[in-house]
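protein23.pdb (PDB, C-alpha atoms and all ligand atoms)
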ATOM      1  CA  MET M   1       3.558  12.394  -7.917
ATOM      2  CA  ILE M   2       4.579  15.844  -6.774
ATOM      3  CA  ASP M   3       6.842  15.716  -3.755
ATOM      4  CA  ASP M   4       5.426  16.822  -0.394
ATOM      5  CA  ASP M   5       8.272  19.285   0.047
ATOM      6  CA  VAL M   6       7.404  20.961  -3.243
ATOM      7  CA  LEU M   7       3.762  21.166  -2.235
ATOM      8  CA  MET M   8       4.762  22.707   1.089
ATOM      9  CA  GLU M   9       6.886  25.294  -0.670
ATOM     10  CA  ARG M  10       3.931  26.217  -2.847
ATOM     11  CA  THR M  11       1.608  26.232   0.130
ATOM     12  CA  ALA M  12       3.938  28.716   1.777
ATOM     13  CA  ARG M  13       3.504  30.850  -1.352
ATOM     14  CA  ASN M  14      -0.246  30.654  -0.834
ATOM     15  CA  GLU M  15      -1.057  28.318  -3.695
ATOM     16  CA  GLU M  16      -4.381  26.818  -2.783
ATOM     17  CA  ALA M  17      -4.166  23.929  -5.257
ATOM     18  CA  ALA M  18      -0.903  22.744  -3.703
ATOM     19  CA  PHE M  19      -2.312  22.852  -0.182
ATOM     20  CA  ARG M  20      -5.434  21.049  -1.305
ATOM     21  CA  LEU M  21      -3.361  18.252  -2.822
ATOM     22  CA  LEU M  22      -1.400  17.937   0.407
ATOM     23  CA  VAL M  23      -4.546  17.760   2.528
ATOM     24  CA  GLN M  24      -6.180  15.209   0.272
ATOM     25  CA  ARG M  25      -3.041  13.116   0.132
ATOM     26  CA  TRP M  26      -2.624  12.851   3.889
ATOM     27  CA  GLU M  27      -5.979  13.411   5.558
ATOM     28  CA  LYS M  28      -7.039   9.769   5.627
ATOM     29  CA  GLU M  29      -3.864   8.619   7.325
ATOM     30  CA  VAL M  30      -4.011  11.441   9.859
ATOM     31  CA  LEU M  31      -7.686  10.698  10.501
ATOM     32  CA  ALA M  32      -7.008   7.002  11.131
ATOM     33  CA  PHE M  33      -4.198   7.893  13.530
ATOM     34  CA  LEU M  34      -6.376  10.366  15.417
ATOM     35  CA  ILE M  35      -9.333   7.983  15.633
ATOM     36  CA  HIS M  36      -7.126   5.448  17.375
ATOM     37  CA  MET M  37      -5.531   8.132  19.522
ATOM     38  CA  LEU M  38      -8.832   9.655  20.636
ATOM     39  CA  GLY M  39     -11.301   6.790  20.238
ATOM     40  CA  SER M  40     -13.781   9.243  18.743
ATOM     41  CA  MET M  41     -14.534   9.899  15.086
ATOM     42  CA  GLU M  42     -15.963  13.348  15.749
ATOM     43  CA  GLU M  43     -12.983  14.577  17.733
ATOM     44  CA  ALA M  44     -10.609  13.010  15.231
ATOM     45  CA  GLU M  45     -12.233  14.901  12.347
ATOM     46  CA  ASP M  46     -11.975  18.066  14.388
ATOM     47  CA  LEU M  47      -8.281  17.609  14.988
ATOM     48  CA  VAL M  48      -7.551  16.648  11.381
ATOM     49  CA  GLN M  49      -8.776  20.118  10.505
ATOM     50  CA  ASP M  50      -6.753  21.734  13.264
ATOM     51  CA  THR M  51      -3.675  19.813  12.113
ATOM     52  CA  PHE M  52      -3.917  21.060   8.549
ATOM     53  CA  VAL M  53      -4.756  24.607   9.581
ATOM     54  CA  LYS M  54      -1.542  24.510  11.585
ATOM     55  CA  VAL M  55       0.366  23.052   8.628
ATOM     56  CA  TYR M  56      -0.881  25.954   6.553
ATOM     57  CA  HIS M  57       0.066  28.608   9.078
ATOM     58  CA  GLN M  58       3.486  27.050   9.662
ATOM     59  CA  ALA M  59       4.268  26.306   6.011
ATOM     60  CA  GLY M  60       6.714  29.206   5.821
ATOM     61  CA  ARG M  61       8.800  27.659   8.588
ATOM     62  CA  TYR M  62       8.896  24.183   7.123
ATOM     63  CA  ARG M  63      12.318  23.005   6.016
ATOM     64  CA  PRO M  64      12.209  20.861   2.881
ATOM     65  CA  GLU M  65      14.261  17.904   4.032
ATOM     66  CA  GLY M  66      12.000  15.102   2.924
ATOM     67  CA  LYS M  67      10.456  14.641   6.351
ATOM     68  CA  PHE M  68       7.006  15.975   5.812
ATOM     69  CA  LYS M  69       5.286  12.939   7.284
ATOM     70  CA  SER M  70       7.236  13.237  10.546
ATOM     71  CA  TRP M  71       6.482  16.923  10.707
ATOM     72  CA  LEU M  72       2.789  16.335  10.045
ATOM     73  CA  PHE M  73       2.459  13.613  12.651
ATOM     74  CA  ARG M  74       4.343  15.692  15.171
ATOM     75  CA  ILE M  75       1.635  18.333  14.851
ATOM     76  CA  ALA M  76      -1.197  15.782  14.904
ATOM     77  CA  GLY M  77       0.339  13.941  17.869
ATOM     78  CA  ASN M  78       0.797  17.108  19.916
ATOM     79  CA  LEU M  79      -2.759  18.208  19.201
ATOM     80  CA  ALA M  80      -4.080  14.777  20.166
ATOM     81  CA  ARG M  81      -2.233  14.760  23.472
ATOM     82  CA  SER M  82      -3.448  18.282  24.248
ATOM     83  CA  ARG M  83      -6.977  17.167  23.526
ATOM     84  CA  LEU M  84      -6.617  14.133  25.742
ATOM     85  CA  ARG M  85      -5.300  16.254  28.595
ATOM     86  CA  ARG M  86      -8.188  18.656  28.173
ATOM     87  CA  ARG M  87     -10.647  15.802  28.090
ATOM     88  CA  LYS M  88      -9.337  14.542  31.415
ATOM     89  CA  ILE M  89      -9.798  17.987  32.942
ATOM     90  CA  LEU M  90     -13.267  18.438  31.471
ATOM     91  CA  ARG M  91     -14.324  15.105  32.832
ATOM     92  CA  TRP M  92     -13.894  16.561  36.276
ATOM     93  CA  VAL M  93     -15.692  19.787  35.712
ATOM     94  CA  ARG M  94     -18.335  19.148  33.068
ATOM     95  CA  PHE M  95     -20.167  16.413  31.225
ATOM     96  CA  ASP M  96     -18.239  14.570  28.587
ATOM     97  CA  ARG M  97     -19.331  16.190  25.368
ATOM     98  CA  THR M  98     -18.444  13.292  23.098
ATOM     99  CA  GLU M  99     -20.852  10.916  24.775
ATOM    100  CA  HIS M 100     -23.759  13.282  24.259
ATOM    101  CA  ASP M 101     -22.966  14.436  20.750
ATOM    102  CA  GLN M 102     -22.576  10.997  19.334
ATOM    103  CA  ALA M 103     -26.008   9.863  20.450
ATOM    104  CA  ASP M 104     -28.114  10.672  17.406
ATOM    105  CA  VAL M 105     -25.875  11.114  14.394
ATOM    106  CA  GLY M 106     -26.125   7.574  13.048
ATOM    107  CA  PRO M 107     -23.251   5.141  12.896
ATOM    108  CA  SER M 108     -19.942   6.797  12.148
ATOM    109  CA  PRO M 109     -17.193   4.822  10.414
ATOM    110  CA  GLN M 110     -15.613   4.438  13.823
ATOM    111  CA  GLN M 111     -18.810   3.086  15.306
ATOM    112  CA  ARG M 112     -19.159   0.684  12.403
ATOM    113  CA  LEU M 113     -15.585  -0.308  13.093
ATOM    114  CA  GLU M 114     -16.428  -0.991  16.698
ATOM    115  CA  GLU M 115     -19.385  -3.127  15.774
ATOM    116  CA  LYS M 116     -16.821  -5.711  14.951
ATOM    117  CA  GLU M 117     -16.145  -7.172  18.315
ATOM    118  CA  SER M 118     -12.415  -7.596  18.045
ATOM    119  CA  ALA M 119     -11.891  -4.115  16.619
ATOM    120  CA  GLY M 120     -13.836  -2.757  19.602
ATOM    121  CA  ALA M 121     -11.706  -4.715  22.013
ATOM    122  CA  ILE M 122      -8.545  -3.457  20.347
ATOM    123  CA  GLN M 123      -9.643   0.174  20.477
ATOM    124  CA  LYS M 124     -10.641  -0.234  24.109
ATOM    125  CA  ALA M 125      -7.249  -1.712  24.894
ATOM    126  CA  LEU M 126      -5.546   1.131  23.027
ATOM    127  CA  ASP M 127      -7.647   3.663  24.947
ATOM    128  CA  GLY M 128      -6.345   2.181  28.181
ATOM    129  CA  LEU M 129      -2.694   2.861  27.335
ATOM    130  CA  PRO M 130      -0.882   5.986  28.527
ATOM    131  CA  ASP M 131      -1.020   8.621  25.777
ATOM    132  CA  ARG M 132       2.640   8.543  24.807
ATOM    133  CA  GLN M 133       2.732   4.754  24.652
ATOM    134  CA  ARG M 134      -0.332   4.744  22.421
ATOM    135  CA  GLN M 135       1.122   7.438  20.180
ATOM    136  CA  ALA M 136       4.396   5.576  19.691
ATOM    137  CA  LEU M 137       2.660   2.266  19.050
ATOM    138  CA  LEU M 138       0.179   3.728  16.550
ATOM    139  CA  MET M 139       2.880   5.572  14.654
ATOM    140  CA  HIS M 140       4.830   2.371  14.330
ATOM    141  CA  ARG M 141       2.223  -0.298  13.794
ATOM    142  CA  PHE M 142      -0.486   1.723  12.068
ATOM    143  CA  GLN M 143       1.466   4.455  10.306
ATOM    144  CA  GLY M 144       4.468   2.296   9.491
ATOM    145  CA  MET M 145       7.016   4.721  10.902
ATOM    146  CA  LYS M 146      10.493   3.610  11.927
ATOM    147  CA  TYR M 147      11.645   3.981  15.528
ATOM    148  CA  ARG M 148      14.095   6.668  14.387
ATOM    149  CA  GLU M 149      11.277   8.744  12.849
ATOM    150  CA  ILE M 150       9.086   8.287  15.911
ATOM    151  CA  ALA M 151      11.934   9.377  18.167
ATOM    152  CA  ASP M 152      12.217  12.582  16.116
ATOM    153  CA  VAL M 153       8.498  13.202  16.202
ATOM    154  CA  MET M 154       8.222  12.607  19.950
ATOM    155  CA  ASP M 155      11.410  14.364  21.044
ATOM    156  CA  THR M 156      12.934  11.234  22.450
ATOM    157  CA  THR M 157      15.600   8.684  21.553
ATOM    158  CA  VAL M 158      15.352   5.342  19.751
ATOM    159  CA  PRO M 159      15.735   3.442  23.073
ATOM    160  CA  GLY M 160      13.041   5.751  24.438
ATOM    161  CA  VAL M 161      10.687   4.673  21.648
ATOM    162  CA  GLU M 162      11.626   1.038  22.211
ATOM    163  CA  SER M 163      10.693   1.383  25.827
ATOM    164  CA  LEU M 164       7.356   3.073  25.051
ATOM    165  CA  ILE M 165       6.394   0.387  22.544
ATOM    166  CA  GLN M 166       7.618  -2.408  24.790
ATOM    167  CA  ARG M 167       5.449  -1.162  27.664
ATOM    168  CA  SER M 168       2.479  -0.657  25.360
ATOM    169  CA  LEU M 169       2.712  -4.280  24.255
ATOM    170  CA  VAL M 170       2.859  -5.519  27.819
ATOM    171  CA  GLY M 171      -0.300  -3.517  28.519
ATOM    172  CA  LEU M 172      -2.063  -4.786  25.413
ATOM    173  CA  ARG M 173      -1.111  -8.406  26.083
ATOM    174  CA  ALA M 174      -2.672  -8.151  29.511
ATOM    175  CA  GLU M 175      -5.771  -6.349  28.272
ATOM    176  CA  LEU M 176      -6.423  -8.437  25.159
ATOM    177  CA  ALA M 177      -5.755 -11.844  26.645
ATOM    178  CA  GLY M 178      -8.899 -13.881  26.092
ATOM    179  CA  LYS M 179     -10.793 -11.026  24.383
ATOM    180  CA  VAL M 180      -9.590 -11.424  20.856
ATOM    181  CA  GLU M 181      -8.436 -14.533  19.157
ATOM    182  CA  LEU M 182      -4.762 -14.694  19.971
ATOM    183  CA  SER M 183      -3.625 -17.638  17.949
TER     184      SER M 183
ATOM    185  CA  MET K 184      20.810 -16.862  30.866
ATOM    186  CA  LYS K 185      19.563 -13.349  30.244
ATOM    187  CA  HIS K 186      15.941 -13.192  29.187
ATOM    188  CA  VAL K 187      14.957 -11.287  26.074
ATOM    189  CA  THR K 188      11.353 -10.268  26.760
ATOM    190  CA  GLU K 189      12.264  -6.582  26.684
ATOM    191  CA  ARG K 190      13.402  -6.796  23.081
ATOM    192  CA  ILE K 191      10.792  -9.095  21.595
ATOM    193  CA  HIS K 192       8.708  -6.225  20.231
ATOM    194  CA  ALA K 193      11.761  -4.703  18.531
ATOM    195  CA  TRP K 194      12.412  -8.102  16.989
ATOM    196  CA  LEU K 195       8.785  -8.307  15.780
ATOM    197  CA  ALA K 196       9.079  -4.762  14.478
ATOM    198  CA  GLY K 197      12.155  -5.628  12.458
ATOM    199  CA  GLU K 198      14.119  -3.023  14.382
ATOM    200  CA  LEU K 199      16.871  -5.343  15.639
ATOM    201  CA  ASP K 200      20.158  -5.602  13.822
ATOM    202  CA  PRO K 201      20.801  -9.059  12.315
ATOM    203  CA  VAL K 202      23.242 -10.152  15.057
ATOM    204  CA  SER K 203      20.901  -9.216  17.903
ATOM    205  CA  ALA K 204      18.011 -10.862  16.055
ATOM    206  CA  THR K 205      19.950 -14.118  15.722
ATOM    207  CA  ASP K 206      20.924 -14.027  19.403
ATOM    208  CA  LEU K 207      17.319 -13.456  20.363
ATOM    209  CA  GLU K 208      16.057 -16.286  18.173
ATOM    210  CA  GLN K 209      18.607 -18.667  19.692
ATOM    211  CA  HIS K 210      17.435 -17.687  23.147
ATOM    212  CA  LEU K 211      13.793 -18.317  22.185
ATOM    213  CA  GLU K 212      14.685 -21.857  21.151
ATOM    214  CA  GLN K 213      16.055 -22.585  24.610
ATOM    215  CA  CYS K 214      13.798 -20.596  26.912
ATOM    216  CA  PRO K 215      10.126 -21.619  27.183
ATOM    217  CA  ASP K 216       9.280 -18.492  29.212
ATOM    218  CA  CYS K 217      10.534 -16.062  26.615
ATOM    219  CA  ALA K 218       9.066 -18.225  23.853
ATOM    220  CA  ARG K 219       5.631 -17.930  25.460
ATOM    221  CA  VAL K 220       5.939 -14.147  25.729
ATOM    222  CA  ALA K 221       7.078 -14.078  22.112
ATOM    223  CA  ARG K 222       4.029 -16.083  20.986
ATOM    224  CA  GLU K 223       1.618 -13.827  22.864
ATOM    225  CA  SER K 224       3.374 -10.692  21.682
ATOM    226  CA  ARG K 225       3.292 -11.878  18.119
ATOM    227  CA  ALA K 226      -0.446 -12.518  18.375
ATOM    228  CA  VAL K 227      -1.045  -8.995  19.677
ATOM    229  CA  TRP K 228       1.284  -7.615  17.025
ATOM    230  CA  GLU K 229      -0.634  -9.352  14.248
ATOM    231  CA  THR K 230      -3.983  -8.357  15.688
ATOM    232  CA  LEU K 231      -2.824  -4.754  15.559
ATOM    233  CA  GLY K 232      -1.650  -5.305  12.000
ATOM    234  CA  SER K 233      -5.129  -6.467  10.961
ATOM    235  CA  ALA K 234      -6.692  -3.504  12.738
ATOM    236  CA  ALA K 235      -4.344  -1.231  10.815
ATOM    237  CA  ALA K 236      -5.362  -2.929   7.582
ATOM    238  CA  GLU K 237      -9.018  -2.203   8.416
ATOM    239  CA  ASP K 238      -8.172   1.496   8.454
ATOM    240  CA  GLU K 239      -7.760   1.171   4.709
ATOM    241  CA  GLN K 240     -11.511   0.682   4.459
ATOM    242  CA  LEU K 241     -12.156   3.860   6.380
ATOM    243  CA  SER K 242     -14.330   5.970   4.150
ATOM    244  CA  SER K 243     -15.085   9.490   5.143
ATOM    245  CA  PRO K 244     -15.799  12.556   3.032
ATOM    246  CA  SER K 245     -12.779  14.769   2.493
ATOM    247  CA  LEU K 246     -12.306  17.425   5.149
ATOM    248  CA  TRP K 247     -10.794  19.774   2.582
ATOM    249  CA  PRO K 248     -13.851  22.079   2.368
ATOM    250  CA  ARG K 249     -13.691  22.656   6.132
ATOM    251  CA  VAL K 250      -9.928  23.100   6.113
ATOM    252  CA  ARG K 251     -10.235  25.484   3.186
ATOM    253  CA  ALA K 252     -12.850  27.539   5.001
ATOM    254  CA  ARG K 253     -10.362  28.050   7.834
ATOM    255  CA  THR K 254      -7.382  28.881   5.625
ATOM    256  CA  PHE K 255      -7.879  30.102   2.068
ATOM    257  CA  GLY K 256     -11.559  30.778   2.748
ATOM    258  CA  GLU K 257     -10.557  33.457   5.210
ATOM    259  CA  GLN K 258      -8.450  35.317   2.674
ATOM    260  CA  THR K 259     -11.122  35.688   0.042
ATOM    261  CA  GLY K 260     -13.206  37.905   2.293
ATOM    262  CA  GLY K 261     -16.824  37.424   3.241
ATOM    263  CA  SER K 262     -16.303  34.481   5.516
ATOM    264  CA  TRP K 263     -13.921  36.458   7.719
ATOM    265  CA  PHE K 264     -16.649  37.477  10.091
ATOM    266  CA  TYR K 265     -18.131  34.019  10.261
ATOM    267  CA  GLY K 266     -15.029  32.366  11.508
ATOM    268  CA  PRO K 267     -14.362  33.956  14.880
ATOM    269  CA  SER K 268     -12.732  30.853  16.258
ATOM    270  CA  SER K 269     -10.243  30.788  13.410
ATOM    271  CA  VAL K 270      -9.467  34.425  13.978
ATOM    272  CA  VAL K 271      -8.944  33.743  17.664
ATOM    273  CA  ARG K 272      -6.719  30.913  16.672
ATOM    274  CA  ALA K 273      -4.676  32.978  14.238
ATOM    275  CA  GLY K 274      -4.309  35.594  16.940
ATOM    276  CA  LEU K 275      -3.023  33.039  19.389
ATOM    277  CA  ALA K 276      -0.662  31.649  16.810
ATOM    278  CA  SER K 277       0.822  35.023  15.956
ATOM    279  CA  ALA K 278       1.070  35.941  19.629
ATOM    280  CA  ALA K 279       2.999  32.774  20.197
ATOM    281  CA  VAL K 280       5.209  33.450  17.194
ATOM    282  CA  ALA K 281       5.825  36.958  18.441
ATOM    283  CA  ALA K 282       6.924  35.528  21.755
ATOM    284  CA  GLY K 283       9.245  33.206  19.892
ATOM    285  CA  LEU K 284       7.619  30.198  21.453
ATOM    286  CA  VAL K 285       6.600  28.163  18.483
ATOM    287  CA  PHE K 286       9.765  28.351  16.504
ATOM    288  CA  ALA K 287      11.657  25.388  17.843
ATOM    289  CA  VAL K 288       8.611  23.165  18.014
ATOM    290  CA  MET K 289       7.638  23.624  14.428
ATOM    291  CA  LEU K 290      11.068  23.912  12.952
ATOM    292  CA  PRO K 291      12.154  20.550  11.585
ATOM    293  CA  GLY K 292      15.797  21.450  12.113
ATOM    294  CA  GLU K 293      15.335  21.540  15.851
ATOM    295  CA  GLY K 294      13.212  18.555  16.569
ATOM    296  CA  LEU K 295      13.379  16.377  13.527
ATOM    297  CA  ASN K 296      17.054  16.604  12.825
ATOM    298  CA  GLY K 297      18.033  17.312  16.335
ATOM    299  CA  ASP K 298      21.139  15.672  17.648
ATOM    300  CA  GLN K 299      20.427  12.277  19.068
ATOM    301  CA  ASN K 300      22.351  13.312  22.155
ATOM    302  CA  SER K 301      20.419  16.460  22.775
ATOM    303  CA  SER K 302      20.835  17.501  26.346
ATOM    304  CA  ASP K 303      18.112  17.309  28.951
ATOM    305  CA  GLN K 304      18.110  21.069  28.867
ATOM    306  CA  GLN K 305      17.032  21.077  25.223
ATOM    307  CA  VAL K 306      14.407  18.459  25.764
ATOM    308  CA  GLU K 307      13.067  20.420  28.678
ATOM    309  CA  THR K 308      12.901  23.538  26.537
ATOM    310  CA  LEU K 309      11.032  21.711  23.816
ATOM    311  CA  TRP K 310       8.508  20.458  26.317
ATOM    312  CA  LEU K 311       7.933  23.929  27.643
ATOM    313  CA  GLU K 312       7.360  25.151  24.141
ATOM    314  CA  ASP K 313       5.069  22.248  23.507
ATOM    315  CA  SER K 314       2.956  23.109  26.488
ATOM    316  CA  SER K 315       2.790  26.740  25.461
ATOM    317  CA  TRP K 316       1.126  25.564  22.293
ATOM    318  CA  THR K 317      -0.985  23.275  24.334
ATOM    319  CA  SER K 318      -2.405  26.012  26.446
ATOM    320  CA  ALA K 319      -3.218  28.022  23.355
ATOM    321  CA  ASP K 320      -4.948  24.997  21.888
ATOM    322  CA  GLN K 321      -6.821  24.384  25.054
ATOM    323  CA  ASP K 322      -8.062  27.942  25.228
ATOM    324  CA  TYR K 323      -9.040  27.777  21.629
ATOM    325  CA  GLY K 324     -10.731  24.445  22.045
ATOM    326  CA  LEU K 325     -12.754  25.565  25.023
ATOM    327  CA  ASP K 326     -13.694  28.729  23.223
ATOM    328  CA  ARG K 327     -14.906  26.833  20.231
ATOM    329  CA  MET K 328     -16.698  24.364  22.407
ATOM    330  CA  TRP K 329     -18.811  27.143  23.837
ATOM    331  CA  LEU K 330     -19.509  28.395  20.353
ATOM    332  CA  SER K 331     -20.486  25.033  19.008
ATOM    333  CA  ALA K 332     -22.861  24.544  21.895
ATOM    334  CA  GLY K 333     -24.932  27.433  20.533
ATOM    335  CA  LEU K 334     -24.393  27.500  16.793
ATOM    336  CA  ASP K 335     -22.920  25.466  14.068
ATOM    337  CA  THR K 336     -19.697  27.203  13.125
ATOM    338  CA  GLU K 337     -18.651  24.581  10.653
ATOM    339  CA  GLY K 338     -21.257  25.747   8.093
TER     340      GLY K 338
HETATM  341 ZN    ZN W   1      14.246 -16.259  28.473
END

I need this file expressed as structure tokens, please.
Ligand SMILES: [Zn+2]
Amino acid sequence: MIDDDVLMERTARNEEAAFRLLVQRWEKEVLAFLIHMLGSMEEAEDLVQDTFVKVYHQAGRYRPEGKFKSWLFRIAGNLARSRLRRRKILRWVRFDRTEHDQADVGPSPQQRLEEKESAGAIQKALDGLPDRQRQALLMHRFQGMKYREIADVMDTTVPGVESLIQRSLVGLRAELAGKVELS
Amino acid sequence: MKHVTERIHAWLAGELDPVSATDLEQHLEQCPDCARVARESRAVWETLGSAAAEDEQLSSPSLWPRVRARTFGEQTGGSWFYGPSSVVRAGLASAAVAAGLVFAVMLPGEGLNGDQNSSDQQVETLWLEDSSWTSADQDYGLDRMWLSAGLDTEG
């Protein structure tokens, strides 16, 4: 398997095949992360595109130090939090677009996911967390990133990440109690 | 006896060093309160783990054609005029680069390898830079939202 750093170097030299490989290698993981961040398949797909467009435009600045995943999720995480902030503002001034757009497009993978009761309860509980707590928790539990990596991605320290994840778990314990089977 | 509830998640996450983990486990044996929190936390932790495993089944067509249209598609001519939002975006990006705003955010050396003990000043600077990107993204997003209300720009 060609290393991500090599693909980034080639992307910076405008090699389409290299960029394509990079997108296809990572898009599913970024999509899953963004679905759980945003609770919306449509918005997640939107931001996956934005993430990779940004990767492409920033490829020349990327330093090949074997940390592509952190770099990628830093971009995706920042875009997600911007989107969430915007959504909160729009909710005050306009209708919520996602609710309307999703009405007649058939079941998306996310909707199918939510048909399972416990998955729906989990996503709802995740939605209720503060954005940074959710981001840290998802990166750890869903993306398998170490606290050190998450600290880098989120411009904080390892104890900072510990605290975010600790608080997210307290929130989830309270929210999920009795809703999913907690053995 | 000092309770260990604050570190239970780190223990579950395998982020505790072996000595701290052993201390914590000894405490759990003696303290019913912490043991209860540990049981509940573990249940949530495992529920999240199963949810993560379900992501594996996520099937969605590749977004590469749409990403390509906004990157390499632009260079091969023709589609240039059909991608106003991407052009707006590129303009915003280069404006930000020109202002030197993006550099630290996107540069792995700054954020990813940054000194653990980076000062508050640096963190503050990074956040400012972050929000400069944010405002560009927000403008772009709103812009595209208006567009997508009238026509399908995704082709
Ligand atoms: Zn205790």

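Nearest to ligand ZN 1 (chain W) of all the residues K:Leu241, K:Ile191, K:Val227, K:Cys217 is K:Cys217, counting all atoms listed in the file.
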
Evaluate the PyMOL selection byres (((not hetatm)) within 12 of (chain W and resi 1)) here and jot the selected residues down as a PyMOL selection string.
chain K and resi 184-191+206-221

Show me, as a compact mmCIF listing (two decimals) with C-alpha atoms, in the coordinates of the input, the residues of chain M whose atoms get within 7 Å of chain K, using all atoms listed in the file for the distance check.
# COMPACT_ATOMS: atom_id res chain seq x y z
CA GLU M 16 -4.38 26.82 -2.78
CA ARG M 20 -5.43 21.05 -1.30
CA VAL M 23 -4.55 17.76 2.53
CA GLN M 24 -6.18 15.21 0.27
CA ALA M 32 -7.01 7.00 11.13
CA GLN M 49 -8.78 20.12 10.50
CA PHE M 52 -3.92 21.06 8.55
CA VAL M 53 -4.76 24.61 9.58
CA ARG M 61 8.80 27.66 8.59
CA TYR M 62 8.90 24.18 7.12
CA ARG M 63 12.32 23.00 6.02
CA TRP M 71 6.48 16.92 10.71
CA SER M 82 -3.45 18.28 24.25
CA ARG M 86 -8.19 18.66 28.17
CA PRO M 109 -17.19 4.82 10.41
CA ALA M 119 -11.89 -4.12 16.62
CA ARG M 141 2.22 -0.30 13.79
CA PHE M 142 -0.49 1.72 12.07
CA ASP M 152 12.22 12.58 16.12
CA VAL M 153 8.50 13.20 16.20
CA ASP M 155 11.41 14.36 21.04
CA THR M 157 15.60 8.68 21.55
CA GLU M 162 11.63 1.04 22.21
CA GLN M 166 7.62 -2.41 24.79
CA LEU M 169 2.71 -4.28 24.26
CA ARG M 173 -1.11 -8.41 26.08
CA LEU M 182 -4.76 -14.69 19.97
CA SER M 183 -3.62 -17.64 17.95

If you measure from atom CA of M:Glu27 to atom CA of M:Ala125, what distance in Å do you get, rounded to one decimal?
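Distance between the two atoms: 24.6 Å.
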
In Å to one decimal, how far is atom CA of M:Asp127 from atom CA of M:Met37?
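Atom-to-atom, atom CA of M:Met37 to atom CA of M:Asp127, that is 7.3 Å.
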
In the coordinate frame of the file, compute which residues have an atom within 10 Å of (-10.9, 16.7, 13.8) when using all atoms listed in the file, and state them as a PyMOL selection string.
(chain M and resi 30-31+34-35+40-52+76+79-80) or (chain K and resi 246)

In Å to one decimal, how far is atom CA of M:Arg74 from atom CA of M:Tyr147?
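For atom CA of M:Tyr147 relative to atom CA of M:Arg74, the distance reads 13.8 Å.
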
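Of the residues under consideration (M:Glu15, M:Phe73, M:Lys88, M:Ser163), M:Ser163 shows the shortest atom-to-atom contact distance to M:Gln133 when counting all atoms listed in the file.
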
Top pick for closest residue to M:Asp4, considering M:Glu175, M:Asp131, M:Glu65, M:Glu29 and counting all atoms listed in the file:
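Among M:Glu175, M:Asp131, M:Glu65, M:Glu29, it is M:Glu65 that comes nearest to M:Asp4.
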
Given the choices M:Ala177, M:Ala18, M:Leu72, M:Ile122, which gets closest to M:Met139 if the distance is worked out from only C-alpha atoms?
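Counting only C-alpha atoms, the residue closest to M:Met139 is M:Leu72.
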
Pick out the closest residue to M:Ser70 from this set: M:Val170, M:Met145, M:Val158, M:Arg25. Count all atoms listed in the file.
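The answer is M:Met145, which sits nearest to M:Ser70.
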
Residue by residue, what does the PyMOL selection byres (((chain M and resi 10) around 12) and not hetatm) grab here? Present the result as a PyMOL selection string.
chain M and resi 2-9+11-22+56+59-60+62+64

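Of the residues under consideration (M:Arg167, M:Gly160, M:Leu172, M:Gln143), M:Gln143 shows the shortest atom-to-atom contact distance to M:Lys28 when counting all atoms listed in the file.
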